[in-house]
Amino acid sequence: MSELTDLSIEEIRQISVLTRIAMTEDELDVMRTQMSNILDSVAILNEVDTEGVEPTGHSVNIKSVMREDKRQDSLTQDETLLNAPQRDGSFIRIKAVLE
Amino acid sequence: MKSVNLETITIAEARRLLDNKEVSALELTKNYLERIKTFEKNIDAYVTVTEDRALEDANLADKRIGEGTQTNLTGIPMQLKDNICYSGIPTTCSSKMLENFVPPYDASISTYLKNENSVLLGKGNLDEFAMGSSTENSALKLTKNPWDTSRVPGGSSGGPAAAVAASECVFSLGSDTGGSIRQPASLCGVVGMKPTYGLVSRFGLVAFASSLDQIGPLTKSVEDSALVLQSIAGYDSRDSTSLDVKIPDYVSNLTTDLKGFRIGIPKEYFIEGISSGVEKSILDAIEVLKGLGADVKEVSLPHTKYALAVYYIIAPSEASANLARYDGVKYGFSEKNAETMWAGFENTRSNGFGPEVKRRIMLGAYALSAGYYDAYYLKAQKVRTLIRQEFEDVFKNVDVLAMPTSPTTAFKIGDKIDDPLQMYLNDIFTIPANIAGIPGISIPAGLVDGLPVGLQFMAGTLQETNLFKAAYAYEQATDWHNQTPSV
């Protein structure tokens, strides 16, 4: 990480697959340059001695929150499905998962 | 219709007018709707104007005032940033992905405001999914700075800041992940406040970076900021990071006496890259604070220079996880013509998200991926610990820190949009507060070439009372908050 970051097109292509964002070859190339530059700028963190330092996930101390197991009102099925792009009765319709 | 001078009206002033029956909530609301009609074509601060909702809210408020059961925000016309859900009203996040999304539920703070019978005027523009510092990343509107419409309002709460500055609402609520309330407040010459992480419920705020996001007020005065926070702060069981703490009376603790009050000036916030005009305004402000009796001393926060890098690992990492939910199946934009399920996801996300959102999702996915997790994400979390500890230590010796909010005044539309790294530097002075979870406020502290400068205060965890005290004393000793743009 101390040397200039030079991500390959293949690495960017792999991330676009992982994040499910379709990209053209030109878009991949722009992203390759921009991400390499951003990763260069964060390489400054290597200067910091973090030996023995615990990571911080949240700035507040979080405890697992439990509540009593009792019935509460919630959204109706109709309200929940209100924004579904393709609906079939009380179901959301999608393309076949298995071909 | 009775006409009201909206340019000078604060919540406190509107409350007095409403309670004395000098003006009704309906009249006040119609004044704002009229002003929005006149000025929106120049400013574009709103994604949606909710005229019908506003008139209905105003009638409910008048009924309540008639009964004498009003509270602080009853009948006050306000705006919500368009990443805060309000049942039945579109919540777009200024993204094509959510352009037609109508939430079937309220954010907790929307419920609080409804319970007080506040008046919803509409939803404010933002950088898509709150990712940006100029509001130019909005896929729906280009918001202009009311002080100079060739310049950006800052971001990501650019709509809320511009709306308050242009008096298109009395107050607005924004969200601040790395400075998204304070930086636009600075650039638009209004008061913007980010509370301690966990003080205000995030339930119903569309998630960007969950360990950093926090809702807070944009107002015309420090007193208004305290009033709004009073209404929205408090424990909420629907937000697992909500703090269960006693909420102090912020308003009654406002005072102009700073005798013995300890203010630290962190030398790392006066660095290369800060414009000379901004630096001079802040140094002048420090003299004012000394004049009010404050005990001002230089302090050092040496890890400050790493905060931006920590942020640009942590925020995209959390964003990549949070935004995985947008797949065109359950809600939001959907490319329906794809041949397979996978192609449907990929085309939906490719065409539904803008460039900055894609950049952050991909950067985050990279930082979290096998082989890089330790080098990037874990490293950033460890440096986060050091930044947090450094703030904890400094607040043993000072009550607040004072520094600039942003290194420059408002820049020209288009100037930085093609260079992400240049854009990220706008938040260099605001990001540390999000990393540490501490509260911060930006208040007007000068004009340079006719453009506002923001003075920022930060305080220790849950020390909002100290934050408001410093801000209020400075505000009352100066006239900057009374300057308004001629829109």
# chains A, B, ... in the order shown; residues from 1 in each chain; ligands from 1
$ residues_around --residues "A:Ile21" --least-positions-apart "3" --cutoff "10 Å" --atoms "only C-alpha atoms" --output "PyMOL selection string"
(chain A and resi 13+15-18) or (chain B and resi 343+345-353+358+361-362)
$ residues_around --residues "B:Glu287" --least-positions-apart "2" --cutoff "12 Å" --atoms "only C-alpha atoms" --output "list in words"
Ile263, Ile265, Lys280, Ser281, Ile282, Leu283, Asp284, Ala285, Leu289, Lys290, Gly291, Leu292, Gly293, Ala294, Asp295, Val296, Lys297, Ala402, Ala445, Tyr474, Ala477 and Thr478 of chain B
$ write_last_selection --atoms "C-alpha atoms" --output "PDB file, in the first residue's frame"
ATOM      1  CA  ILE B 263     -12.220  27.195  24.521  1.00  0.00           C
ATOM      2  CA  ILE B 265      -8.173  26.249  19.334  1.00  0.00           C
ATOM      3  CA  LYS B 280      -9.085  35.873   9.169  1.00  0.00           C
ATOM      4  CA  SER B 281     -12.821  35.606   9.956  1.00  0.00           C
ATOM      5  CA  ILE B 282     -12.179  32.749  12.384  1.00  0.00           C
ATOM      6  CA  LEU B 283      -9.247  34.527  14.057  1.00  0.00           C
ATOM      7  CA  ASP B 284     -11.493  37.597  14.462  1.00  0.00           C
ATOM      8  CA  ALA B 285     -14.194  35.376  15.971  1.00  0.00           C
ATOM      9  CA  LEU B 289     -14.820  34.993  22.293  1.00  0.00           C
ATOM     10  CA  LYS B 290     -11.864  36.255  24.340  1.00  0.00           C
ATOM     11  CA  GLY B 291     -13.686  39.554  24.750  1.00  0.00           C
ATOM     12  CA  LEU B 292     -16.657  37.665  26.214  1.00  0.00           C
ATOM     13  CA  GLY B 293     -14.421  36.344  28.986  1.00  0.00           C
ATOM     14  CA  ALA B 294     -13.593  32.932  27.550  1.00  0.00           C
ATOM     15  CA  ASP B 295     -10.329  31.310  28.529  1.00  0.00           C
ATOM     16  CA  VAL B 296      -8.930  30.613  25.053  1.00  0.00           C
ATOM     17  CA  LYS B 297      -5.929  28.333  24.603  1.00  0.00           C
ATOM     18  CA  ALA B 402     -13.454  26.436  17.998  1.00  0.00           C
ATOM     19  CA  ALA B 445     -19.142  34.373  11.476  1.00  0.00           C
ATOM     20  CA  TYR B 474     -20.838  34.515  19.980  1.00  0.00           C
ATOM     21  CA  ALA B 477     -22.183  39.488  20.446  1.00  0.00           C
ATOM     22  CA  THR B 478     -22.119  39.773  16.636  1.00  0.00           C
TER      23      THR B 478
END
$ closest_atom_pairs --of "chain B" --to "chain A" --cutoff "7 Å" --atoms "only C-alpha atoms" --output "tab-separated table"
residue	atom	partner	partner_atom	distance
B:Phe101	CA	A:Asn83	CA	6.4
B:Pro104	CA	A:Glu79	CA	6.0
B:Ser211	CA	A:His58	CA	5.4
B:Ser240	CA	A:Val65	CA	6.5
B:Thr241	CA	A:Ile62	CA	6.3
B:Tyr306	CA	A:Leu45	CA	6.4
B:Ala309	CA	A:Val42	CA	4.5
B:Gly328	CA	A:Pro85	CA	7.0
B:Val329	CA	A:Pro85	CA	6.4
B:Lys330	CA	A:Ala84	CA	4.8
B:Tyr331	CA	A:Ala84	CA	4.6
B:Gly332	CA	A:Asn83	CA	6.8
B:Ser334	CA	A:Pro85	CA	6.4
B:Thr340	CA	A:Lys95	CA	6.2
B:Met341	CA	A:Lys95	CA	5.0
B:Phe345	CA	A:Arg20	CA	6.3
B:Glu346	CA	A:Arg20	CA	4.6
B:Asn347	CA	A:Ala22	CA	5.9
B:Arg349	CA	A:Ile21	CA	5.4
B:Ser350	CA	A:Ile21	CA	4.9
B:Met362	CA	A:Ile15	CA	6.2
B:Leu363	CA	A:Met35	CA	6.6
B:Ala365	CA	A:Ile15	CA	6.9
B:Tyr366	CA	A:Ile15	CA	6.7
B:Leu378	CA	A:Pro55	CA	6.6
B:Gln381	CA	A:Pro55	CA	4.6
B:Lys382	CA	A:Pro55	CA	4.1
B:Val383	CA	A:Thr50	CA	6.8
B:Arg384	CA	A:Thr56	CA	6.1
B:Thr385	CA	A:Thr56	CA	5.3
B:Leu421	CA	A:Ile38	CA	6.7
B:Ala436	CA	A:Ser59	CA	5.8
B:Gly437	CA	A:Ser59	CA	5.1
$ select_by_dssp --residues "stretch 298-427 of chain B" --states "alpha helix (DSSP H)" --output "CSV table (one decimal) with C-alpha atoms, in the first residue's frame"
chain,number,residue,atom,x,y,z
B,307,ALA,CA,-9.6,11.7,9.8
B,308,LEU,CA,-10.4,12.2,6.1
B,309,ALA,CA,-8.6,8.9,5.1
B,310,VAL,CA,-10.5,7.1,8.0
B,311,TYR,CA,-13.7,8.5,6.7
B,312,TYR,CA,-13.1,7.5,3.1
B,313,ILE,CA,-12.6,3.9,4.2
B,314,ILE,CA,-15.4,3.6,6.8
B,315,ALA,CA,-18.2,5.6,5.1
B,316,PRO,CA,-17.9,3.8,1.7
B,317,SER,CA,-17.6,0.4,3.4
B,318,GLU,CA,-20.8,1.0,5.4
B,319,ALA,CA,-22.5,2.5,2.3
B,320,SER,CA,-21.6,-0.6,0.2
B,321,ALA,CA,-23.4,-2.8,2.7
B,322,ASN,CA,-26.4,-0.4,3.2
B,341,MET,CA,-32.5,-12.1,-12.6
B,342,TRP,CA,-28.8,-11.2,-12.3
B,343,ALA,CA,-28.9,-8.9,-15.3
B,344,GLY,CA,-31.9,-7.3,-13.8
B,345,PHE,CA,-30.0,-6.4,-10.6
B,346,GLU,CA,-27.0,-5.2,-12.5
B,347,ASN,CA,-28.9,-3.0,-14.9
B,348,THR,CA,-31.1,-1.6,-12.1
B,349,ARG,CA,-28.1,-0.6,-10.1
B,350,SER,CA,-26.1,0.6,-13.1
B,351,ASN,CA,-28.9,2.9,-14.3
B,352,GLY,CA,-30.4,3.8,-10.9
B,355,PRO,CA,-21.4,8.2,-10.4
B,356,GLU,CA,-20.5,9.2,-6.9
B,357,VAL,CA,-22.8,6.5,-5.3
B,358,LYS,CA,-21.3,3.9,-7.6
B,359,ARG,CA,-17.8,5.0,-6.7
B,360,ARG,CA,-18.4,4.8,-3.0
B,361,ILE,CA,-20.2,1.4,-3.2
B,362,MET,CA,-17.3,-0.1,-5.2
B,363,LEU,CA,-14.6,1.5,-3.0
B,364,GLY,CA,-16.3,0.1,0.1
B,365,ALA,CA,-16.7,-3.3,-1.4
B,366,TYR,CA,-13.0,-3.2,-2.3
B,367,ALA,CA,-12.0,-2.1,1.3
B,368,LEU,CA,-14.1,-4.9,2.8
B,379,LYS,CA,-6.8,-0.2,10.0
B,380,ALA,CA,-9.3,2.7,9.6
B,381,GLN,CA,-11.3,1.5,12.6
B,382,LYS,CA,-8.1,1.4,14.7
B,383,VAL,CA,-7.1,4.9,13.7
B,384,ARG,CA,-10.7,5.9,14.5
B,385,THR,CA,-10.1,4.7,18.1
B,386,LEU,CA,-7.0,7.0,18.3
B,387,ILE,CA,-8.9,10.0,17.0
B,388,ARG,CA,-11.7,9.4,19.5
B,389,GLN,CA,-9.3,9.1,22.4
B,390,GLU,CA,-7.5,12.3,21.4
B,391,PHE,CA,-10.8,14.2,21.5
B,392,GLU,CA,-11.7,12.6,24.9
B,393,ASP,CA,-8.3,13.8,26.2
B,394,VAL,CA,-8.6,17.3,24.9
B,420,PRO,CA,-13.7,13.5,-6.3
B,421,LEU,CA,-10.6,14.0,-4.1
B,422,GLN,CA,-10.8,17.8,-4.4
B,423,MET,CA,-14.5,17.6,-3.4
B,424,TYR,CA,-13.7,15.4,-0.4
$ residues_around --residues "stretch 231-238 of chain B" --least-positions-apart "3" --cutoff "7 Å" --atoms "only C-alpha atoms" --output "PyMOL selection string"
chain B and resi 109+112+199-201+203+227-228+242-244+247
$ write_last_selection --atoms "N, CA and C atoms" --output "compact mmCIF listing (two decimals), in the first residue's frame"
# COMPACT_ATOMS: atom_id res chain seq x y z
N ILE B 109 -38.53 10.95 13.79
CA ILE B 109 -38.59 12.41 13.97
C ILE B 109 -39.78 13.01 13.22
N TYR B 112 -42.52 12.72 15.63
CA TYR B 112 -42.41 13.75 16.69
C TYR B 112 -42.95 15.09 16.20
N LEU B 199 -28.05 10.54 19.80
CA LEU B 199 -28.97 11.41 20.55
C LEU B 199 -30.32 11.54 19.85
N VAL B 200 -30.29 11.56 18.50
CA VAL B 200 -31.53 11.67 17.72
C VAL B 200 -31.73 10.36 16.96
N SER B 201 -32.93 9.85 16.99
CA SER B 201 -33.23 8.57 16.35
C SER B 201 -32.95 8.61 14.85
N PHE B 203 -34.17 6.12 13.01
CA PHE B 203 -35.21 5.28 12.41
C PHE B 203 -35.95 6.07 11.32
N LEU B 227 -34.03 24.76 20.29
CA LEU B 227 -35.47 24.43 20.35
C LEU B 227 -35.79 23.17 19.55
N VAL B 228 -35.24 23.09 18.36
CA VAL B 228 -35.54 21.93 17.51
C VAL B 228 -34.92 20.66 18.11
N SER B 242 -29.64 4.11 19.60
CA SER B 242 -30.19 5.26 20.32
C SER B 242 -29.69 5.28 21.76
N LEU B 243 -29.33 6.46 22.23
CA LEU B 243 -28.82 6.59 23.60
C LEU B 243 -29.97 6.82 24.57
N ASP B 244 -29.96 6.06 25.66
CA ASP B 244 -31.00 6.22 26.67
C ASP B 244 -30.47 7.14 27.76
N ILE B 247 -32.43 14.12 28.73
CA ILE B 247 -32.19 15.26 27.83
C ILE B 247 -32.27 16.56 28.65
